[in-house]
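A.B. asks: For reference, this is query-v3.txt, and it has compact mmCIF, C-alpha atoms and all ligand atoms.
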# COMPACT_ATOMS: atom_id res chain seq x y z
CA MET A 62 0.00 0.00 0.00
CA ARG A 63 0.96 3.63 -0.40
CA ILE A 64 1.07 4.97 3.15
CA ALA A 65 1.54 8.62 4.22
CA MET A 66 2.77 9.02 7.79
CA ILE A 67 2.25 12.51 9.19
CA SER A 68 4.54 13.42 12.06
CA GLU A 69 4.60 17.23 12.28
CA HIS A 70 7.23 17.76 14.99
CA ALA A 71 8.86 14.36 15.28
CA SER A 72 11.14 13.55 12.35
CA PRO A 73 12.31 9.95 12.08
CA LEU A 74 15.72 11.38 11.17
CA ALA A 75 16.11 13.48 14.36
CA VAL A 76 18.75 13.08 17.06
CA LEU A 77 16.90 11.90 20.17
CA GLY A 78 16.93 12.87 23.83
CA GLY A 79 16.06 16.57 23.48
CA GLU A 80 12.89 18.07 24.89
CA ASP A 81 10.65 17.30 21.91
CA ALA A 82 12.55 14.36 20.40
CA GLY A 83 11.91 10.92 21.85
CA GLY A 84 9.43 8.09 21.53
CA GLN A 85 7.37 9.43 18.65
CA ASN A 86 10.47 9.86 16.48
CA THR A 87 11.55 6.29 17.22
CA HIS A 88 8.04 4.96 16.68
CA VAL A 89 7.59 6.63 13.28
CA ALA A 90 11.08 5.57 12.15
CA GLU A 91 10.71 1.94 13.20
CA LEU A 92 7.14 1.57 12.01
CA SER A 93 7.97 3.07 8.61
CA ALA A 94 10.99 0.78 8.31
CA ALA A 95 8.94 -2.30 9.20
CA LEU A 96 6.18 -1.38 6.73
CA ALA A 97 8.77 -0.72 4.00
CA ALA A 98 10.39 -4.09 4.75
CA ALA A 99 6.96 -5.71 4.30
CA GLY A 100 6.77 -4.21 0.80
CA HIS A 101 4.72 -1.05 1.46
CA ASP A 102 5.51 2.33 -0.11
CA VAL A 103 5.91 4.73 2.84
CA ARG A 104 6.39 8.50 2.90
CA VAL A 105 6.81 10.35 6.18
CA TYR A 106 5.77 14.01 6.14
CA THR A 107 7.41 16.13 8.82
CA ARG A 108 7.84 19.88 9.21
CA ARG A 109 10.86 21.50 7.56
CA HIS A 110 12.76 22.81 10.59
CA ALA A 111 15.96 24.06 8.88
CA VAL A 112 16.63 25.93 5.64
CA ASP A 113 19.18 23.48 4.30
CA LEU A 114 16.89 20.41 4.35
CA PRO A 115 16.17 18.79 0.97
CA VAL A 116 12.46 18.36 0.23
CA THR A 117 12.80 14.59 0.18
CA VAL A 118 15.36 12.38 1.89
CA ARG A 119 15.57 8.63 1.35
CA ALA A 120 15.99 7.00 4.77
CA PRO A 121 18.41 4.04 4.86
CA ASP A 122 15.52 1.79 5.94
CA GLY A 123 13.68 2.15 2.64
CA TYR A 124 11.12 4.94 3.15
CA ASP A 125 11.08 8.62 2.15
CA VAL A 126 11.03 11.59 4.51
CA VAL A 127 9.37 14.68 3.03
CA HIS A 128 10.06 18.05 4.66
CA VAL A 129 6.90 20.12 4.57
CA PRO A 130 7.29 23.92 4.42
CA ALA A 131 4.85 24.99 7.16
CA GLY A 132 5.93 27.79 9.47
CA PRO A 133 9.50 29.09 9.73
CA ALA A 134 12.34 26.85 8.52
CA GLU A 135 13.84 26.72 12.00
CA PRO A 136 13.18 24.76 15.19
CA VAL A 137 9.80 25.65 16.73
CA ALA A 138 8.63 24.16 20.04
CA LYS A 139 5.99 21.48 19.57
CA ASP A 140 3.41 23.46 21.53
CA ALA A 141 3.81 26.45 19.19
CA LEU A 142 3.08 24.54 16.00
CA LEU A 143 -0.71 24.65 15.95
CA PRO A 144 -0.98 27.87 13.86
CA HIS A 145 1.04 26.16 11.09
CA MET A 146 -1.09 23.06 10.74
CA LYS A 147 -3.48 24.59 8.17
CA GLU A 148 -0.54 25.38 5.94
CA PHE A 149 0.79 21.86 6.50
CA GLY A 150 -2.55 20.34 5.45
CA ARG A 151 -2.88 22.58 2.39
CA TRP A 152 0.61 21.65 1.23
CA LEU A 153 -0.29 17.96 1.45
CA VAL A 154 -3.46 18.51 -0.59
CA ALA A 155 -1.53 20.38 -3.29
CA GLN A 156 1.09 17.62 -3.44
CA TRP A 157 -1.40 14.80 -3.66
CA GLN A 158 -3.68 16.56 -6.14
CA THR A 159 -0.94 17.57 -8.55
CA GLY A 160 1.96 15.17 -7.92
CA ASP A 161 2.41 11.61 -9.17
CA TRP A 162 2.07 9.98 -5.74
CA GLN A 163 -1.20 9.73 -3.80
CA PRO A 164 -1.51 7.78 -0.56
CA GLU A 165 -4.13 5.10 -0.04
CA VAL A 166 -4.12 5.76 3.67
CA ILE A 167 -2.85 8.53 5.97
CA HIS A 168 -1.55 7.66 9.45
CA ALA A 169 -1.28 10.72 11.69
CA HIS A 170 0.96 10.78 14.77
CA PHE A 171 0.09 13.25 17.57
CA TRP A 172 -3.05 15.38 17.52
CA MET A 173 -1.67 18.31 15.54
CA SER A 174 -0.65 15.98 12.71
CA GLY A 175 -4.19 14.62 12.95
CA LEU A 176 -5.66 18.05 12.18
CA ALA A 177 -3.52 18.45 9.04
CA ALA A 178 -4.18 14.83 8.05
CA LEU A 179 -7.94 15.08 8.49
CA ALA A 180 -8.15 18.28 6.43
CA ALA A 181 -6.02 16.73 3.67
CA GLY A 182 -7.85 13.39 3.86
CA ARG A 183 -11.24 15.04 3.39
CA ARG A 184 -10.08 17.03 0.38
CA THR A 185 -8.55 13.99 -1.32
CA GLY A 186 -10.86 11.19 -0.20
CA VAL A 187 -8.09 9.32 1.63
CA PRO A 188 -8.88 7.62 4.97
CA VAL A 189 -7.13 8.75 8.15
CA VAL A 190 -5.82 6.62 11.01
CA GLN A 191 -4.83 8.45 14.20
CA THR A 192 -2.28 7.59 16.90
CA TYR A 193 -2.21 10.22 19.67
CA HIS A 194 1.07 9.24 21.39
CA ALA A 195 -0.01 11.50 24.28
CA LEU A 196 -3.31 12.97 25.45
CA GLY A 197 -4.04 16.50 26.59
CA THR A 198 -6.35 15.36 29.40
CA VAL A 199 -3.57 13.30 30.99
CA LYS A 200 -1.00 16.06 30.57
CA ARG A 201 -3.31 18.64 32.12
CA ARG A 202 -4.09 16.33 35.06
CA HIS A 203 -0.42 15.90 35.89
CA GLN A 204 1.09 19.21 34.87
CA GLY A 205 -1.73 21.60 35.77
CA VAL A 206 -0.78 25.21 35.08
CA GLN A 207 2.64 24.17 33.80
CA ASP A 208 1.03 22.47 30.81
CA THR A 209 2.03 24.54 27.77
CA SER A 210 -0.31 22.76 25.33
CA PRO A 211 -2.32 25.07 23.05
CA ARG A 212 -5.79 25.96 24.29
CA GLY A 213 -8.46 23.68 22.95
CA ARG A 214 -6.19 20.64 22.71
CA VAL A 215 -8.62 18.33 24.51
CA ARG A 216 -11.52 19.48 22.35
CA TYR A 217 -9.50 18.96 19.17
CA GLU A 218 -8.45 15.52 20.35
CA ARG A 219 -12.03 14.51 21.07
CA GLU A 220 -13.24 15.75 17.70
CA LEU A 221 -10.40 13.97 15.92
CA GLY A 222 -11.28 10.72 17.67
CA ARG A 223 -14.86 11.06 16.46
CA SER A 224 -13.94 12.05 12.91
CA VAL A 225 -11.01 9.91 11.77
CA ASP A 226 -11.56 6.47 10.26
CA ARG A 227 -9.75 4.61 13.05
CA VAL A 228 -8.01 5.48 16.30
CA ILE A 229 -5.01 3.39 17.29
CA ALA A 230 -4.63 3.14 21.07
CA GLN A 231 -1.27 1.85 22.24
CA CYS A 232 -2.33 0.37 25.56
CA GLN A 233 -5.41 -0.41 27.68
CA ASP A 234 -4.89 2.66 29.83
CA GLU A 235 -5.17 4.85 26.75
CA VAL A 236 -8.41 3.12 25.74
CA GLY A 237 -9.89 4.09 29.13
CA GLU A 238 -8.73 7.69 28.78
CA LEU A 239 -10.15 7.98 25.27
CA VAL A 240 -13.51 6.51 26.30
CA ARG A 241 -13.71 8.96 29.23
CA MET A 242 -12.94 11.75 26.76
CA GLY A 243 -15.90 10.75 24.63
CA VAL A 244 -14.26 8.75 21.82
CA PRO A 245 -16.39 5.68 21.08
CA ARG A 246 -14.67 2.36 21.87
CA ALA A 247 -15.85 0.95 18.54
CA ARG A 248 -13.61 3.40 16.67
CA MET A 249 -10.46 2.09 18.35
CA THR A 250 -8.01 -0.72 17.72
CA VAL A 251 -5.27 -1.46 20.23
CA VAL A 252 -1.88 -1.89 18.58
CA PRO A 253 1.13 -1.39 20.86
CA SER A 254 4.46 -0.04 19.68
CA GLY A 255 7.13 -2.56 18.91
CA VAL A 256 10.79 -2.71 19.79
CA ASN A 257 13.74 -3.17 17.46
CA LEU A 258 14.86 -6.71 18.31
CA THR A 259 18.09 -6.39 16.35
CA THR A 260 19.32 -3.21 18.04
CA PHE A 261 17.99 -4.32 21.41
CA ALA A 262 19.21 -7.82 22.19
CA PRO A 263 21.04 -9.35 25.18
CA LEU A 264 24.26 -10.05 23.29
CA GLY A 265 26.50 -7.22 22.16
CA PRO A 266 28.87 -4.58 23.50
CA ALA A 267 28.08 -2.94 26.83
CA ALA A 268 29.08 0.47 28.20
CA GLU A 269 31.86 0.42 30.78
CA ARG A 270 30.95 -0.08 34.42
CA ASP A 271 32.29 1.69 37.47
CA GLY A 272 34.03 -1.23 39.17
CA ASP A 273 31.67 -3.52 41.06
CA ARG A 274 28.95 -0.97 41.66
CA PRO A 275 25.49 -2.26 40.71
CA ARG A 276 24.11 -0.07 37.93
CA ILE A 277 20.66 1.50 37.95
CA LEU A 278 19.91 2.91 34.50
CA THR A 279 17.19 5.44 33.75
CA VAL A 280 16.53 6.83 30.28
CA GLY A 281 14.50 9.58 28.67
CA ARG A 282 14.07 13.17 27.63
CA LEU A 283 15.15 15.34 30.55
CA VAL A 284 11.68 16.53 31.48
CA GLU A 285 10.18 16.57 34.95
CA ARG A 286 7.40 14.08 34.34
CA LYS A 287 9.92 11.30 33.63
CA GLY A 288 10.53 11.19 37.40
CA PHE A 289 14.34 11.32 37.40
CA GLN A 290 14.23 13.09 40.78
CA ASP A 291 12.55 10.06 42.32
CA VAL A 292 15.20 7.77 40.85
CA ILE A 293 17.95 9.92 42.37
CA ARG A 294 16.18 9.98 45.76
CA ALA A 295 15.79 6.20 45.55
CA THR A 296 19.50 5.79 44.71
CA ALA A 297 20.31 7.43 48.05
CA LEU A 298 18.48 4.51 49.68
CA VAL A 299 20.34 1.84 47.70
CA PRO A 300 23.82 1.52 49.26
CA GLY A 301 26.70 1.39 46.79
CA ALA A 302 24.67 1.50 43.56
CA GLU A 303 25.35 4.01 40.81
CA CYS A 304 22.57 5.73 38.89
CA VAL A 305 23.18 6.47 35.22
CA VAL A 306 20.82 8.93 33.53
CA VAL A 307 20.79 8.76 29.70
CA GLY A 308 19.01 11.47 27.70
CA GLY A 309 18.72 15.23 27.51
CA PRO A 310 20.91 17.56 25.47
CA PRO A 311 24.27 16.33 24.12
CA ALA A 312 26.88 15.85 26.88
CA GLY A 313 28.62 19.19 26.12
CA LEU A 314 25.43 21.15 26.79
CA LEU A 315 24.44 19.44 30.05
CA GLU A 316 26.27 22.07 32.09
CA THR A 317 23.81 24.73 30.97
CA ASP A 318 20.61 22.66 30.93
CA PRO A 319 18.41 23.94 33.79
CA TYR A 320 16.85 20.55 34.54
CA ALA A 321 20.20 18.75 34.44
CA LEU A 322 21.52 21.33 36.91
CA ARG A 323 18.55 20.68 39.18
CA LEU A 324 19.20 16.94 39.07
CA ARG A 325 22.86 17.55 39.93
CA SER A 326 22.00 19.70 42.93
CA LEU A 327 19.40 17.15 44.08
CA ALA A 328 22.05 14.43 43.89
CA GLU A 329 24.33 16.63 46.00
CA SER A 330 21.69 17.32 48.61
CA CYS A 331 20.90 13.58 48.81
CA GLY A 332 24.62 12.85 49.30
CA VAL A 333 24.92 10.80 46.10
CA ALA A 334 26.64 13.25 43.73
CA ASP A 335 29.49 10.75 43.27
CA ARG A 336 27.04 7.95 42.39
CA VAL A 337 24.80 9.79 39.91
CA LYS A 338 26.09 10.21 36.34
CA LEU A 339 24.35 12.28 33.69
CA ILE A 340 25.39 11.06 30.26
CA GLY A 341 23.31 13.34 27.99
CA ALA A 342 21.83 12.33 24.63
CA VAL A 343 23.01 9.02 23.21
CA PRO A 344 22.47 8.15 19.51
CA ARG A 345 19.77 5.54 19.02
CA GLU A 346 22.19 2.95 17.66
CA GLU A 347 24.23 3.16 20.88
CA MET A 348 21.35 2.75 23.29
CA GLY A 349 21.76 -1.04 23.43
CA ARG A 350 25.25 -0.61 24.96
CA TRP A 351 23.76 1.32 27.86
CA TYR A 352 20.89 -1.07 28.53
CA ARG A 353 23.23 -4.08 28.42
CA SER A 354 25.51 -2.43 30.99
CA ALA A 355 22.72 -2.17 33.58
CA ASP A 356 21.46 -4.47 36.33
CA VAL A 357 18.07 -2.84 36.25
CA LEU A 358 16.24 -0.21 34.23
CA VAL A 359 14.23 2.09 36.44
CA ALA A 360 11.43 3.98 34.66
CA ALA A 361 9.68 6.25 37.14
CA PRO A 362 7.39 8.49 35.07
CA TRP A 363 4.42 10.27 36.67
CA TYR A 364 2.49 9.21 33.58
CA GLU A 365 3.55 7.53 30.35
CA PRO A 366 1.42 7.22 27.20
CA PHE A 367 3.37 4.11 26.14
CA GLY A 368 7.04 4.10 27.12
CA LEU A 369 9.53 2.58 24.71
CA THR A 370 12.51 2.54 27.04
CA PRO A 371 11.17 -0.21 29.36
CA LEU A 372 10.53 -2.37 26.31
CA GLU A 373 14.01 -1.69 24.90
CA ALA A 374 15.55 -2.73 28.22
CA MET A 375 13.40 -5.86 28.34
CA ALA A 376 14.51 -6.83 24.82
CA CYS A 377 18.11 -6.57 26.06
CA GLY A 378 17.29 -8.94 28.92
CA VAL A 379 17.28 -6.24 31.60
CA PRO A 380 14.60 -6.30 34.33
CA VAL A 381 12.47 -3.18 34.73
CA ILE A 382 11.27 -1.46 37.85
CA GLY A 383 8.66 1.00 36.77
CA SER A 384 5.76 3.16 37.87
CA ALA A 385 2.41 1.46 37.44
CA VAL A 386 1.17 3.95 34.84
CA GLY A 387 0.11 4.01 31.17
CA GLY A 388 1.79 1.57 28.83
CA LEU A 389 4.03 0.14 31.56
CA ILE A 390 1.00 -1.62 33.06
CA ASP A 391 0.77 -3.67 29.84
CA THR A 392 4.45 -4.14 28.98
CA VAL A 393 5.95 -4.89 32.42
CA VAL A 394 4.40 -7.98 34.01
CA ASP A 395 4.57 -7.26 37.73
CA GLY A 396 6.51 -9.97 39.55
CA ARG A 397 7.60 -11.71 36.32
CA THR A 398 9.53 -9.35 34.07
CA GLY A 399 9.99 -6.62 36.66
CA ASP A 400 8.17 -4.78 39.42
CA LEU A 401 5.58 -2.04 39.25
CA VAL A 402 5.36 0.52 42.05
CA PRO A 403 3.19 3.62 42.58
CA PRO A 404 4.42 6.74 40.74
CA ARG A 405 6.23 9.52 42.63
CA ASP A 406 7.25 7.17 45.44
CA ALA A 407 11.04 7.06 45.88
CA GLN A 408 10.74 4.77 48.92
CA ALA A 409 8.79 2.15 46.99
CA LEU A 410 11.28 2.38 44.12
CA ALA A 411 14.20 1.92 46.52
CA ALA A 412 12.56 -1.09 48.19
CA ALA A 413 12.01 -2.77 44.82
CA ILE A 414 15.55 -1.96 43.63
CA ASN A 415 17.12 -3.26 46.84
CA ARG A 416 15.12 -6.47 46.66
CA LEU A 417 16.17 -7.07 43.06
CA LEU A 418 19.83 -6.16 43.46
CA THR A 419 20.22 -8.49 46.43
CA ASP A 420 18.44 -11.44 44.78
CA ARG A 421 20.43 -12.81 41.85
CA ILE A 422 17.96 -15.59 41.08
CA ARG A 423 15.07 -13.14 40.83
CA ARG A 424 17.16 -10.91 38.57
CA LEU A 425 17.93 -13.77 36.21
CA ALA A 426 14.33 -14.95 36.16
CA TYR A 427 13.02 -11.44 35.40
CA ALA A 428 15.71 -10.92 32.75
CA THR A 429 14.80 -14.13 30.90
CA ALA A 430 11.06 -13.51 31.10
CA ALA A 431 11.50 -9.87 30.04
CA GLN A 432 13.47 -10.78 26.96
CA GLN A 433 11.01 -13.50 25.96
CA ARG A 434 8.06 -11.19 26.40
CA ALA A 435 9.64 -8.45 24.25
CA ARG A 436 10.49 -10.96 21.55
CA ARG A 437 7.12 -12.73 21.52
CA CYS A 438 4.75 -9.83 21.90
CA TYR A 439 6.43 -6.65 20.67
CA SER A 440 8.26 -7.11 17.37
CA TRP A 441 7.88 -4.24 14.90
CA SER A 442 7.00 -6.69 12.16
CA THR A 443 3.93 -7.78 14.17
CA THR A 444 2.96 -4.17 14.85
CA ALA A 445 3.36 -3.32 11.15
CA GLU A 446 1.29 -6.35 10.14
CA ARG A 447 -1.54 -5.42 12.48
CA LEU A 448 -1.53 -1.82 11.32
CA ALA A 449 -1.46 -2.89 7.67
CA GLU A 450 -4.69 -4.81 8.38
CA VAL A 451 -6.26 -1.65 9.79
CA TYR A 452 -5.06 0.38 6.77
CA GLY A 453 -6.55 -2.23 4.42
CA ALA A 454 -9.88 -2.18 6.25
CA VAL A 455 -10.27 1.61 6.21
CA ALA A 456 -9.08 1.91 2.61
CA ALA A 457 -11.70 -0.60 1.50
CA VAL A 458 -14.46 1.91 2.31
CA ARG A 459 -15.15 4.47 -0.43
CA ARG A 460 -15.51 8.02 0.85
CA PRO A 461 -16.58 11.30 -0.72
CA VAL A 462 -14.11 14.04 -1.58
CA VAL A 463 -15.04 17.28 0.20
CA ALA A 464 -14.40 20.39 -1.90
N1 LIG B 501 16.45 7.81 23.28
C1 LIG B 501 17.64 7.85 22.56
N2 LIG B 501 18.68 8.57 23.08
C2 LIG B 501 18.61 9.21 24.27
C3 LIG B 501 17.40 9.14 25.01
C4 LIG B 501 16.33 8.43 24.48
O1 LIG B 501 17.75 7.28 21.48
O2 LIG B 501 19.59 9.82 24.67
C5 LIG B 501 15.31 7.06 22.72
C6 LIG B 501 14.96 5.80 23.52
O3 LIG B 501 15.81 4.74 23.18
C7 LIG B 501 13.51 5.60 23.09
C8 LIG B 501 12.99 7.03 22.94
O4 LIG B 501 14.14 7.87 22.78
O5 LIG B 501 13.44 4.94 21.86
C9 LIG B 501 12.20 7.49 24.14
O6 LIG B 501 10.93 6.94 24.07
P1 LIG B 501 9.92 6.81 25.29
O7 LIG B 501 8.66 6.22 24.75
O8 LIG B 501 10.54 6.06 26.42
O9 LIG B 501 9.68 8.29 25.81
P2 LIG B 501 9.06 9.61 25.12
O10 LIG B 501 10.21 10.36 24.55
O11 LIG B 501 8.09 9.17 24.06
O12 LIG B 501 8.39 10.35 26.22
Hey, can you dump this file as structure tokens for me?
Ligand code: UDP
C.D. replies:
Amino acid sequence: MRIAMISEHASPLAVLGGEDAGGQNTHVAELSAALAAAGHDVRVYTRRHAVDLPVTVRAPDGYDVVHVPAGPAEPVAKDALLPHMKEFGRWLVAQWQTGDWQPEVIHAHFWMSGLAALAAGRRTGVPVVQTYHALGTVKRRHQGVQDTSPRGRVRYERELGRSVDRVIAQCQDEVGELVRMGVPRARMTVVPSGVNLTTFAPLGPAAERDGDRPRILTVGRLVERKGFQDVIRATALVPGAECVVVGGPPAGLLETDPYALRLRSLAESCGVADRVKLIGAVPREEMGRWYRSADVLVAAPWYEPFGLTPLEAMACGVPVIGSAVGGLIDTVVDGRTGDLVPPRDAQALAAAINRLLTDRIRRLAYATAAQQRARRCYSWSTTAERLAEVYGAVAAVRRPVVA
């Protein structure tokens, strides 16, 4: 099939770890690669965020990335992109009406992409599938006044859910949120993200360790809701262990990153400055080295729409201790592949980490079960296959073209 992925802010070609570059970029890149490998013709449309970007770039994994001129050709924060979505949609319509390539299905990632996709889909008669990746209701609940989302986000998300041809939920928790928002259950299909089982595997090089210290690894964009503070507080309650934080700006810029500075001063005030290491952004192809070097991955988000990092660790045969939120409730099987604890609870995290680090048999059992679960249930080829079925089903329905 000819598939158009719309990912306004998250380019599959981006360097990850920065504030707006994380799971969605990985998801779009891996999904597009898996669909291309299955013989589909995939084009990813993302916003042109620099003047020197060619219109189309062929990704090494066999799909095209098209840079859409919408808004200034410079980086713009995700939450400031809404005013440019009309232009984004109009550009797609012009391309598909006049060019030699028309999609059979459009898959939008994040709500703003959904708005552009829906407008373009209606004008060209192409069905739209929507993955939210994150929901405004959840963000507002947890971030309150600090939520910088554009006004009206929740309303737009509800309307999208009621208007697109199919909504893809990534986990059961998201299904519940969407239903409470007013999106009918019948419009949804649950298809979780996958994990790259070649990049993330137990065998392979591992990052160097600091002597015999047990290693707690935690990974993600350096934003507050990822709960790195709780992991640092927990480390203070785990004698002798080191805590390695991967993500954020590149290592050279960590010294000036306000959140990294806060984490450093927290580590000092907890008396663990010598046991907490901030690594900064790591290229995607090197992530496996870090997971393989760890005894445990701790993922302590306040909320998490899906959460790729626990799955990546599991695929490397690393047990996960995580907050019982969002996608982690589905991916981490409590007491089998890891432990789930309440969010924002450093004491509970520390108790689970101590129990695991002092019980080698449990660690081995979790590691084996984690790796098997990732392999059996979360390959990208399975995700791509299930989504291709959804694409086929929505494309089989004829729809009018709205002028
Ligand atoms: N990641 C990376 N380098 C980093 C930090 C993160 O490649 O320095 C990747 C990580 O491997 C994962 C993604 O970014 O694939 C983060 O996804 P997740 O779903 O955990 O979080 P999100 O960014 O969506 O909140």
A.B. asks: Counting only C-alpha atoms and all ligand atoms, which protein, DNA or RNA residues come within 7 Å of ligand LIG 501 (chain B), given as number ranges by chain?
C.D. replies: A: 77-78, 82-85, 87, 280-282, 307-309, 341-345, 348, 365, 367-371, 373
A.B. asks: Find the residue from A:Arg416, A:Arg353, A:Trp172, A:Leu389 that sits nearest to Val225 in chain A; use all atoms listed in the file when measuring.
C.D. replies: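 Closest candidate: A:Trp172.
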A.B. asks: For each of A:Thr398, A:Asn86, A:Gln290, A:Thr279, take the minimum atom-to-atom distance to Leu425 in chain A, counting only C-alpha atoms, then give the residue where this is smallest.
C.D. replies: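 Smallest distance to Leu425 in chain A is found for A:Thr398.
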A.B. asks: What does the distance between CA of Met173 in chain A and CA of Val393 in chain A come to in Å, to one decimal place?
C.D. replies: 29.7 Å
A.B. asks: Out of A:Glu346, A:Asp234, A:Asp406, A:Asp226, which residue has the shortest atom-to-atom distance to Ala456 in chain A when counting all atoms listed in the file?
C.D. replies: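 Result for the nearest residue to Ala456 in chain A: A:Asp226.
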A.B. asks: Between CA of Val251 in chain A and CA of Leu92 in chain A, what is the distance in Å, rounded to a tenth?
C.D. replies: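 Pair CA of Val251 in chain A / CA of Leu92 in chain A returns 15.2 Å.
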A.B. asks: Nearest to Ser326 in chain A: which of A:Trp441, A:Arg294, A:Asp273, A:Glu347 is it, counting all atoms listed in the file?
C.D. replies: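 Looking at the shortest contact to Ser326 in chain A, the residue is A:Arg294.
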A.B. asks: Considering all atoms listed in the file, can you say which of A:Val299, A:Val252, A:Val166, A:Ala374 comes closest to Ala360 in chain A?
C.D. replies: A:Ala374
A.B. asks: Which residues come within 6 Å of Ala302 in chain A, counting all atoms listed in the file, excluding same-chain residues fewer than 5 positions away, as a list in words?
C.D. replies: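 Contacts, in chain order: Arg274, Pro275 and Arg276 of chain A.
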A.B. asks: Quick one: everything within 9 Å of Pro164 in chain A, counting all atoms listed in the file, minus sequence neighbours fewer than 6 positions away in the same chain. Send it as JSON, numbers by chain.
C.D. replies: {"A": [62, 63, 64, 65, 102, 103, 104, 157, 187]}
A.B. asks: Of the candidates A:Ala178, A:Pro133, A:Thr185, A:Gly453, which one gets nearest to Ser224 in chain A if we count only C-alpha atoms?
C.D. replies: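 Closest to Ser224 in chain A of all the choices is A:Ala178.
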A.B. asks: Would you pick out the contacts of Val215 in chain A at 12 Å or less, using all atoms listed in the file, so that residues sharing its chain but fewer than 4 positions from it are not included, and give the list as an mmCIF file with C-alpha atoms, keeping the file's coordinate frame?
C.D. replies:
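Final file, selection-v5.cif:
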data_model
loop_
_atom_site.group_PDB
_atom_site.id
_atom_site.type_symbol
_atom_site.label_atom_id
_atom_site.label_comp_id
_atom_site.auth_asym_id
_atom_site.auth_seq_id
_atom_site.Cartn_x
_atom_site.Cartn_y
_atom_site.Cartn_z
ATOM 1 C CA TRP A 172 -3.050 15.380 17.520
ATOM 2 C CA MET A 173 -1.670 18.310 15.540
ATOM 3 C CA TYR A 193 -2.210 10.220 19.670
ATOM 4 C CA ALA A 195 -0.010 11.500 24.280
ATOM 5 C CA LEU A 196 -3.310 12.970 25.450
ATOM 6 C CA GLY A 197 -4.040 16.500 26.590
ATOM 7 C CA THR A 198 -6.350 15.360 29.400
ATOM 8 C CA VAL A 199 -3.570 13.300 30.990
ATOM 9 C CA LYS A 200 -1.000 16.060 30.570
ATOM 10 C CA ARG A 201 -3.310 18.640 32.120
ATOM 11 C CA ARG A 202 -4.090 16.330 35.060
ATOM 12 C CA SER A 210 -0.310 22.760 25.330
ATOM 13 C CA PRO A 211 -2.320 25.070 23.050
ATOM 14 C CA ARG A 219 -12.030 14.510 21.070
ATOM 15 C CA GLU A 220 -13.240 15.750 17.700
ATOM 16 C CA LEU A 221 -10.400 13.970 15.920
ATOM 17 C CA GLY A 222 -11.280 10.720 17.670
ATOM 18 C CA GLU A 238 -8.730 7.690 28.780
ATOM 19 C CA LEU A 239 -10.150 7.980 25.270
ATOM 20 C CA ARG A 241 -13.710 8.960 29.230
ATOM 21 C CA MET A 242 -12.940 11.750 26.760
ATOM 22 C CA GLY A 243 -15.900 10.750 24.630
ATOM 23 C CA VAL A 244 -14.260 8.750 21.820
#
A.B. asks: At most 12 Å from (3.2, 27.1, 11.8), file frame, all atoms listed in the file: which residues, as a compact mmCIF listing (two decimals) with C-alpha atoms, in the coordinates of the input?
C.D. replies:
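Result file is selection29.txt:
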# COMPACT_ATOMS: atom_id res chain seq x y z
CA GLU A 69 4.60 17.23 12.28
CA HIS A 70 7.23 17.76 14.99
CA ARG A 108 7.84 19.88 9.21
CA ARG A 109 10.86 21.50 7.56
CA HIS A 110 12.76 22.81 10.59
CA VAL A 129 6.90 20.12 4.57
CA PRO A 130 7.29 23.92 4.42
CA ALA A 131 4.85 24.99 7.16
CA GLY A 132 5.93 27.79 9.47
CA PRO A 133 9.50 29.09 9.73
CA ALA A 134 12.34 26.85 8.52
CA GLU A 135 13.84 26.72 12.00
CA PRO A 136 13.18 24.76 15.19
CA VAL A 137 9.80 25.65 16.73
CA ALA A 138 8.63 24.16 20.04
CA LYS A 139 5.99 21.48 19.57
CA ASP A 140 3.41 23.46 21.53
CA ALA A 141 3.81 26.45 19.19
CA LEU A 142 3.08 24.54 16.00
CA LEU A 143 -0.71 24.65 15.95
CA PRO A 144 -0.98 27.87 13.86
CA HIS A 145 1.04 26.16 11.09
CA MET A 146 -1.09 23.06 10.74
CA LYS A 147 -3.48 24.59 8.17
CA GLU A 148 -0.54 25.38 5.94
CA PHE A 149 0.79 21.86 6.50
CA GLY A 150 -2.55 20.34 5.45
CA MET A 173 -1.67 18.31 15.54
CA SER A 174 -0.65 15.98 12.71
CA ALA A 177 -3.52 18.45 9.04
